[in-house]
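What follows is a single structure, written as structure tokens, with notes after it.
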Amino acid sequence: MRRLFLGVALAASACVGVGQLACAQAFQPADIGEWRRSREVAIPPANVYAHSTAGQLSAAVKGVPERVYVPNVASRDVYVIDPGTMKVIDHYGVGRGPQHIVPSWDLKTLWVTGSAESHSAWGSLASIDPQTGKVSRMLPMEDAYNMYFTPDGSAAIVVAESRRRLEFRDPQTMTMQNSLTIPECSGINHADFGADGRTAIFTCEFAGSLARIDIGERKLLGILKLSRGGMPQDIRISPDGRVFYVANMMTDGVSLIDADSFQEIGFIPTGPGAHGLYPSRDGTKLYVCNRGSHAVSGAPHGPGSVSVIDFATRKVEATWPVPDGGSPDMGNVSADGRHLWVSGRFDDVVYAFDTTTGAVTKIPVGHTPHGLTIWPQPGRYSLGHTGVMR
């Protein structure tokens, strides 16, 4: 049921006679408490990334040491890197199939999502306290390939990829609220939310399609089969909220989806195995990790690179190759915006790309590193994955 939200009415009345930018700036972190309690979605700012630019760290992450957390799927562990020294300072086991490091909605926990290795070998969720960098608890999960959070913070969305299911759970206890099975969405794994937070689009990797979800009603709204098919991976919304960018590993580029009509409107070629997508800290660029292979398990030293798309022109303005080849996969941007940290999926390393020059530093880690995150990151709250910040 669609409702006229109290938060929207208040925000709208507060913005009478002022510009969009002033309206966006008027929505401050103090408003989050009332917003979360009412389970409502506020009017989006003119730039959905306006509160995740450099320097806008929340009080919730005060005193948290900056670290890079790297989940290694094959070695079943997490490596911890000090970005100041570019060296590994810790590592520990976390159970089966660790895939992504996911910041919680309230920014106080980092969740390690663990996927099922078979129908009998379940996955898990492990929580890391970012103040100490250590695991604080382990929870068994049937399958937890990835995880997101509803924009109001009322639920975690555990992505049970092998079951083609989204599980809405209490964001603290992980107790099940309800679930949504989507048989048409084989390989459901990555997502982003519309600017108003009412809907989300999930990628269906093995079906070459996208699934649009009503977040409030927790139901499927529709399936879009991509014209080029392929294997859609990560997805990110444009700063103005009008277009979704979808990385496609098999078509070597990024599909453009109109956020209102849920229809394809374009395609941007980037490089072999387009995979992870990360906005720059100023919200003007999109970094595309080209994994260098169409294979789920590729060879090392492939033609991997990072492409830089200008959001305004929707064109690639630069490409950063990995010296001697590599496999940039997933990660995120440092809080100051100076480095893009991504895993080298088939090379057992982590890459730190200088976002000014494209120069690369390589750091050896465990076997098959995947969805790393650098923490803390700017933002009022996290929508999940490796740091979809708002």
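Please note that chains go A, B, ... in the order of the structure tokens, that every chain numbers its residues from 1, and that ligands are numbered from 1 in the order shown.
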
**Prompt:** Near region 328-338 of chain A, counting only C-alpha atoms, which residues have an atom at most 8 Å away, once you skip same-chain residues fewer than 6 positions from it, shown as a ChimeraX atom specification?
**Reply:** /A:53-55,275-282,289-292,304-306,344-345,351,354-356,370-378,386-387

**Message:** List as a PyMOL selection string the protein and nucleic acid residues near Asp192 (chain A), meaning an atom at most 10 Å away when only C-alpha atoms are counted, but skip any in the same chain fewer than 4 places from it.
**Reply:** chain A and resi 148+197+199-203+234-237+244-246+383-385+388

Can you tell me which residues surround region 80-87 of chain A at a distance of at most 10 Å, considering only C-alpha atoms, apart from same-chain residues fewer than 6 positions away, and format the answer as a PDB file with N, CA and C atoms, in the first residue's frame?
```
ATOM      1  N   PRO A  65      39.616   2.601  13.520  1.00  0.00           N
ATOM      2  CA  PRO A  65      40.842   2.648  12.709  1.00  0.00           C
ATOM      3  C   PRO A  65      40.556   2.270  11.261  1.00  0.00           C
ATOM      4  N   GLU A  66      41.180   2.957  10.325  1.00  0.00           N
ATOM      5  CA  GLU A  66      40.967   2.656   8.911  1.00  0.00           C
ATOM      6  C   GLU A  66      41.655   1.343   8.565  1.00  0.00           C
ATOM      7  N   ARG A  67      40.866   0.425   8.033  1.00  0.00           N
ATOM      8  CA  ARG A  67      41.370  -0.892   7.669  1.00  0.00           C
ATOM      9  C   ARG A  67      40.689  -1.371   6.388  1.00  0.00           C
ATOM     10  N   VAL A  68      41.372  -2.256   5.678  1.00  0.00           N
ATOM     11  CA  VAL A  68      40.796  -2.943   4.521  1.00  0.00           C
ATOM     12  C   VAL A  68      40.562  -4.392   4.935  1.00  0.00           C
ATOM     13  N   TYR A  69      39.311  -4.834   4.809  1.00  0.00           N
ATOM     14  CA  TYR A  69      38.940  -6.203   5.190  1.00  0.00           C
ATOM     15  C   TYR A  69      38.690  -7.009   3.921  1.00  0.00           C
ATOM     16  N   VAL A  70      39.411  -8.120   3.781  1.00  0.00           N
ATOM     17  CA  VAL A  70      39.407  -8.896   2.540  1.00  0.00           C
ATOM     18  C   VAL A  70      38.910 -10.318   2.802  1.00  0.00           C
ATOM     19  N   PRO A  71      37.728 -10.690   2.286  1.00  0.00           N
ATOM     20  CA  PRO A  71      37.268 -12.073   2.425  1.00  0.00           C
ATOM     21  C   PRO A  71      37.864 -12.942   1.320  1.00  0.00           C
ATOM     22  N   GLY A 133      38.515  -4.885  15.058  1.00  0.00           N
ATOM     23  CA  GLY A 133      38.887  -5.646  13.872  1.00  0.00           C
ATOM     24  C   GLY A 133      38.743  -7.138  14.040  1.00  0.00           C
ATOM     25  N   LYS A 134      38.049  -7.580  15.100  1.00  0.00           N
ATOM     26  CA  LYS A 134      37.925  -8.997  15.406  1.00  0.00           C
ATOM     27  C   LYS A 134      36.480  -9.480  15.257  1.00  0.00           C
ATOM     28  N   SER A 334      38.373   4.651  -0.757  1.00  0.00           N
ATOM     29  CA  SER A 334      38.775   5.141   0.559  1.00  0.00           C
ATOM     30  C   SER A 334      37.963   6.375   0.943  1.00  0.00           C
ATOM     31  N   HIS A 339      42.095   6.489  -3.088  1.00  0.00           N
ATOM     32  CA  HIS A 339      42.412   5.136  -3.548  1.00  0.00           C
ATOM     33  C   HIS A 339      41.145   4.313  -3.764  1.00  0.00           C
ATOM     34  N   TRP A 341      40.195   0.541  -3.691  1.00  0.00           N
ATOM     35  CA  TRP A 341      40.694  -0.746  -3.219  1.00  0.00           C
ATOM     36  C   TRP A 341      39.827  -1.857  -3.785  1.00  0.00           C
ATOM     37  N   VAL A 350      45.402  -7.929  -3.504  1.00  0.00           N
ATOM     38  CA  VAL A 350      44.527  -6.759  -3.445  1.00  0.00           C
ATOM     39  C   VAL A 350      45.225  -5.628  -4.189  1.00  0.00           C
ATOM     40  N   ALA A 352      45.428  -1.480  -4.870  1.00  0.00           N
ATOM     41  CA  ALA A 352      45.093  -0.122  -4.448  1.00  0.00           C
ATOM     42  C   ALA A 352      45.417   0.801  -5.618  1.00  0.00           C
ATOM     43  N   THR A 361      49.159  -0.410  -6.550  1.00  0.00           N
ATOM     44  CA  THR A 361      49.953  -1.127  -5.555  1.00  0.00           C
ATOM     45  C   THR A 361      49.305  -2.485  -5.333  1.00  0.00           C
ATOM     46  N   LYS A 362      50.113  -3.559  -5.324  1.00  0.00           N
ATOM     47  CA  LYS A 362      49.595  -4.910  -5.132  1.00  0.00           C
ATOM     48  C   LYS A 362      50.009  -5.437  -3.762  1.00  0.00           C
ATOM     49  N   ILE A 363      49.051  -6.082  -3.070  1.00  0.00           N
ATOM     50  CA  ILE A 363      49.307  -6.635  -1.743  1.00  0.00           C
ATOM     51  C   ILE A 363      48.844  -8.088  -1.723  1.00  0.00           C
ATOM     52  N   PRO A 364      49.722  -9.063  -1.502  1.00  0.00           N
ATOM     53  CA  PRO A 364      49.316 -10.475  -1.460  1.00  0.00           C
ATOM     54  C   PRO A 364      48.370 -10.752  -0.288  1.00  0.00           C
ATOM     55  N   VAL A 365      47.335 -11.569  -0.562  1.00  0.00           N
ATOM     56  CA  VAL A 365      46.372 -11.957   0.476  1.00  0.00           C
ATOM     57  C   VAL A 365      46.108 -13.457   0.364  1.00  0.00           C
ATOM     58  N   LEU A 372      35.854  -7.161  -0.912  1.00  0.00           N
ATOM     59  CA  LEU A 372      36.489  -6.465   0.203  1.00  0.00           C
ATOM     60  C   LEU A 372      35.813  -5.126   0.462  1.00  0.00           C
ATOM     61  N   ILE A 374      36.839  -1.188   2.470  1.00  0.00           N
ATOM     62  CA  ILE A 374      37.691  -0.345   3.297  1.00  0.00           C
ATOM     63  C   ILE A 374      36.760   0.387   4.245  1.00  0.00           C
TER      64      ILE A 374
END
```

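Going from CA of Ala74 (chain A) over to CA of Asp143 (chain A), you cover 16.3 Å.
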
Sorted by chain and rising residue number, which residues of region 128-185 of chain A lie within 12 Å of region 108-117 of chain A, and what are their closest atom pairs and distances in Å to one decimal, counting only C-alpha atoms, as a tab-separated table?
```
residue	atom	partner	partner_atom	distance
A:Ile128	CA	A:Leu110	CA	5.0
A:Asp129	CA	A:Thr109	CA	5.5
A:Pro130	CA	A:Thr109	CA	6.4
A:Gln131	CA	A:Lys108	CA	8.6
A:Thr132	CA	A:Thr109	CA	10.7
A:Gly133	CA	A:Leu110	CA	9.1
A:Lys134	CA	A:Leu110	CA	9.8
A:Val135	CA	A:Leu110	CA	9.1
A:Ser136	CA	A:Thr109	CA	9.5
A:Arg137	CA	A:Trp111	CA	9.8
A:Met138	CA	A:Val112	CA	9.3
A:Leu139	CA	A:Gly114	CA	9.9
A:Pro140	CA	A:Gly114	CA	9.0
A:Met141	CA	A:Gly114	CA	8.0
A:Glu142	CA	A:Ala116	CA	6.4
A:Asp143	CA	A:Ala116	CA	4.7
A:Ala144	CA	A:Ser115	CA	4.8
A:Tyr145	CA	A:Ser115	CA	4.3
A:Asn146	CA	A:Thr113	CA	5.7
A:Met147	CA	A:Thr113	CA	7.0
A:Tyr148	CA	A:Trp111	CA	10.4
A:Phe149	CA	A:Trp111	CA	11.8
A:Ala156	CA	A:Trp111	CA	10.9
A:Ile157	CA	A:Thr113	CA	11.5
A:Val158	CA	A:Thr113	CA	8.6
A:Val159	CA	A:Ser115	CA	9.2
A:Ala160	CA	A:Ser115	CA	7.6
A:Glu161	CA	A:Ser115	CA	7.9
A:Ser162	CA	A:Ala116	CA	7.5
A:Arg163	CA	A:Ala116	CA	9.6
A:Pro171	CA	A:Thr109	CA	10.4
A:Gln172	CA	A:Thr109	CA	9.5
A:Met174	CA	A:Trp111	CA	11.1
```

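Considering the residues A:Asn47, A:Gln99, A:Ser124, A:Gln177 and counting only C-alpha atoms, Gly241 (chain A) has its shortest atom-to-atom contact with A:Asn47.
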
**Item:** Atomic distance CA of Gly271 (chain A) - CA of Tyr79 (chain A), expressed in Å with one decimal
**Value:** 28.1 Å

Enumerate, in order of chain and increasing residue number, the residues of region 132-166 of chain A with an atom no farther than 10 Å from region 213-217 of chain A, each with its shortest atom pair and distance in Å to one decimal, counting only C-alpha atoms, as a Markdown table.
```
| residue | atom | partner | partner_atom | distance |
| --- | --- | --- | --- | --- |
| A:Thr150 | CA | A:Ile215 | CA | 7.1 |
| A:Pro151 | CA | A:Ile215 | CA | 8.9 |
| A:Asp152 | CA | A:Gly216 | CA | 9.9 |
```

Just to be explicit: take each residue in the selection above, keep C-alpha atoms, and write the result as a short mmCIF file (atom, residue, chain, number, x, y, z; two decimals), in the first residue's frame.
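Full text of result17.cif as output:
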```cif
data_model
loop_
_atom_site.label_atom_id
_atom_site.label_comp_id
_atom_site.auth_asym_id
_atom_site.auth_seq_id
_atom_site.Cartn_x
_atom_site.Cartn_y
_atom_site.Cartn_z
CA THR A 150 16.26 -1.53 3.56
CA PRO A 151 16.73 2.26 3.41
CA ASP A 152 14.75 2.74 6.63
#
```

Leaving out region 294-296 of chain A and any residue of its chain fewer than 5 positions from it, which residues lie within 7 Å of it when counting only C-alpha atoms, given as a compact mmCIF listing (two decimals) with N, CA and C atoms, in the first residue's frame?
```txt
# COMPACT_ATOMS: atom_id res chain seq x y z
N MET A 249 29.41 -9.00 -17.12
CA MET A 249 30.68 -9.72 -17.26
C MET A 249 30.88 -10.33 -18.64
N MET A 250 29.79 -10.70 -19.31
CA MET A 250 29.91 -11.38 -20.60
C MET A 250 29.88 -10.42 -21.79
N GLY A 273 35.07 -8.64 -18.91
CA GLY A 273 34.60 -9.09 -17.61
C GLY A 273 34.17 -7.99 -16.66
```

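Picture a line from CA of Trp105 (chain A) to CA of Val78 (chain A); it runs 21.1 Å.
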
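Across A:Phe206, A:Ala195, A:Arg218, A:Phe346, the tightest approach to Ala155 (chain A) is made by A:Arg218 when counting only C-alpha atoms.
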
**Prompt:** So which residues touch Asp260 (chain A) within 9 Å, counting only C-alpha atoms, skipping near sequence neighbours fewer than 4 positions away, as a list in words?
**Reply:** Gly194, Arg242 and Val243 of chain A

**Prompt:** Out of region 170-345 of chain A, which residues get strand (DSSP E or B) from DSSP, as a PyMOL selection string?
**Reply:** chain A and resi 176-181+188-193+199-204+209-214+219-225+232-237+243-248+253-258+264-269+274-279+285-290+303+305-310+315-321+326+328-333+339-344

Based on the selection just made, write C-alpha atoms of those residues as an mmCIF file, in the first residue's frame.
```cif
data_model
loop_
_atom_site.group_PDB
_atom_site.id
_atom_site.type_symbol
_atom_site.label_atom_id
_atom_site.label_comp_id
_atom_site.auth_asym_id
_atom_site.auth_seq_id
_atom_site.Cartn_x
_atom_site.Cartn_y
_atom_site.Cartn_z
ATOM 1 C CA MET A 176 13.800 -14.103 9.930
ATOM 2 C CA GLN A 177 10.925 -11.684 9.242
ATOM 3 C CA ASN A 178 9.805 -13.080 5.898
ATOM 4 C CA SER A 179 11.302 -14.154 2.568
ATOM 5 C CA LEU A 180 10.737 -13.681 -1.145
ATOM 6 C CA THR A 181 11.620 -16.465 -3.572
ATOM 7 C CA ILE A 188 20.447 -13.287 -7.727
ATOM 8 C CA ASN A 189 23.311 -11.451 -6.098
ATOM 9 C CA HIS A 190 23.807 -7.654 -6.351
ATOM 10 C CA ALA A 191 21.434 -4.700 -5.938
ATOM 11 C CA ASP A 192 20.921 -0.989 -5.600
ATOM 12 C CA PHE A 193 17.951 1.095 -4.539
ATOM 13 C CA THR A 199 12.203 -0.076 -4.950
ATOM 14 C CA ALA A 200 15.403 -1.999 -5.580
ATOM 15 C CA ILE A 201 16.808 -3.734 -8.635
ATOM 16 C CA PHE A 202 18.630 -7.044 -8.163
ATOM 17 C CA THR A 203 20.816 -8.607 -10.841
ATOM 18 C CA CYS A 204 20.102 -12.179 -11.970
ATOM 19 C CA SER A 209 18.112 -10.307 -16.407
ATOM 20 C CA LEU A 210 17.143 -7.911 -13.615
ATOM 21 C CA ALA A 211 14.453 -8.178 -10.935
ATOM 22 C CA ARG A 212 12.637 -5.098 -9.626
ATOM 23 C CA ILE A 213 11.436 -5.372 -6.028
ATOM 24 C CA ASP A 214 8.905 -3.316 -4.054
ATOM 25 C CA LYS A 219 7.183 -8.356 -3.587
ATOM 26 C CA LEU A 220 8.409 -8.767 -7.160
ATOM 27 C CA LEU A 221 7.328 -5.989 -9.517
ATOM 28 C CA GLY A 222 8.864 -7.296 -12.721
ATOM 29 C CA ILE A 223 11.707 -8.969 -14.596
ATOM 30 C CA LEU A 224 13.707 -7.248 -17.346
ATOM 31 C CA LYS A 225 15.600 -9.495 -19.756
ATOM 32 C CA PRO A 232 24.852 -8.925 -15.003
ATOM 33 C CA GLN A 233 26.911 -8.279 -11.878
ATOM 34 C CA ASP A 234 27.103 -5.129 -9.769
ATOM 35 C CA ILE A 235 24.593 -2.291 -10.148
ATOM 36 C CA ARG A 236 24.705 1.376 -9.113
ATOM 37 C CA ILE A 237 22.338 4.301 -9.489
ATOM 38 C CA VAL A 243 19.674 5.758 -14.405
ATOM 39 C CA PHE A 244 20.950 2.425 -13.104
ATOM 40 C CA TYR A 245 24.376 1.297 -14.319
ATOM 41 C CA VAL A 246 24.670 -2.507 -14.586
ATOM 42 C CA ALA A 247 28.040 -4.222 -15.077
ATOM 43 C CA ASN A 248 27.849 -7.198 -17.438
ATOM 44 C CA GLY A 253 30.514 -3.200 -20.445
ATOM 45 C CA VAL A 254 27.758 -1.431 -18.573
ATOM 46 C CA SER A 255 24.055 -1.462 -19.455
ATOM 47 C CA LEU A 256 21.998 1.664 -18.716
ATOM 48 C CA ILE A 257 18.509 1.196 -17.262
ATOM 49 C CA ASP A 258 15.954 3.991 -16.917
ATOM 50 C CA GLU A 264 17.247 -0.334 -21.265
ATOM 51 C CA ILE A 265 18.381 2.979 -22.696
ATOM 52 C CA GLY A 266 22.031 2.389 -23.576
ATOM 53 C CA PHE A 267 25.294 0.501 -23.231
ATOM 54 C CA ILE A 268 28.859 1.637 -22.450
ATOM 55 C CA PRO A 269 31.741 -0.671 -23.497
ATOM 56 C CA ALA A 274 32.995 -5.868 -16.298
ATOM 57 C CA HIS A 275 32.151 -6.618 -12.682
ATOM 58 C CA GLY A 276 32.292 -4.177 -9.731
ATOM 59 C CA LEU A 277 30.963 -0.577 -9.777
ATOM 60 C CA TYR A 278 32.003 2.204 -7.382
ATOM 61 C CA PRO A 279 31.184 5.945 -7.452
ATOM 62 C CA LYS A 285 32.743 9.349 -11.778
ATOM 63 C CA LEU A 286 31.976 5.639 -11.773
ATOM 64 C CA TYR A 287 34.848 3.175 -11.451
ATOM 65 C CA VAL A 288 34.237 -0.072 -13.348
ATOM 66 C CA CYS A 289 36.328 -3.108 -12.412
ATOM 67 C CA ASN A 290 36.977 -5.184 -15.526
ATOM 68 C CA PRO A 303 43.763 -8.346 -19.220
ATOM 69 C CA SER A 305 41.661 -3.021 -15.778
ATOM 70 C CA VAL A 306 39.545 -0.270 -14.252
ATOM 71 C CA SER A 307 37.502 2.022 -16.496
ATOM 72 C CA VAL A 308 36.466 5.497 -15.339
ATOM 73 C CA ILE A 309 33.036 6.627 -16.556
ATOM 74 C CA ASP A 310 31.985 10.271 -16.341
ATOM 75 C CA LYS A 315 31.492 8.024 -21.516
ATOM 76 C CA VAL A 316 34.729 6.298 -20.492
ATOM 77 C CA GLU A 317 37.312 8.997 -19.864
ATOM 78 C CA ALA A 318 40.201 6.794 -18.683
ATOM 79 C CA THR A 319 41.264 3.159 -18.371
ATOM 80 C CA TRP A 320 43.781 1.960 -15.794
ATOM 81 C CA PRO A 321 45.435 -1.359 -16.710
ATOM 82 C CA GLY A 326 45.289 -8.985 -13.182
ATOM 83 C CA PRO A 328 40.087 -6.445 -10.454
ATOM 84 C CA ASP A 329 36.844 -7.643 -8.924
ATOM 85 C CA MET A 330 35.140 -5.873 -6.022
ATOM 86 C CA GLY A 331 35.936 -3.389 -3.276
ATOM 87 C CA ASN A 332 35.353 0.296 -2.597
ATOM 88 C CA VAL A 333 36.829 3.788 -2.412
ATOM 89 C CA HIS A 339 42.412 5.136 -3.548
ATOM 90 C CA LEU A 340 40.147 2.526 -5.077
ATOM 91 C CA TRP A 341 40.694 -0.746 -3.219
ATOM 92 C CA VAL A 342 39.663 -3.911 -5.077
ATOM 93 C CA SER A 343 40.347 -7.617 -4.878
ATOM 94 C CA GLY A 344 42.382 -9.452 -7.515
#
```

**Item:** Arg380 (chain A) environment, 8 Å, only C-alpha atoms, sequence neighbours closer than 4 positions dropped, as a ChimeraX atom specification
**Value:** /A:29,51-52,57-58,389-390
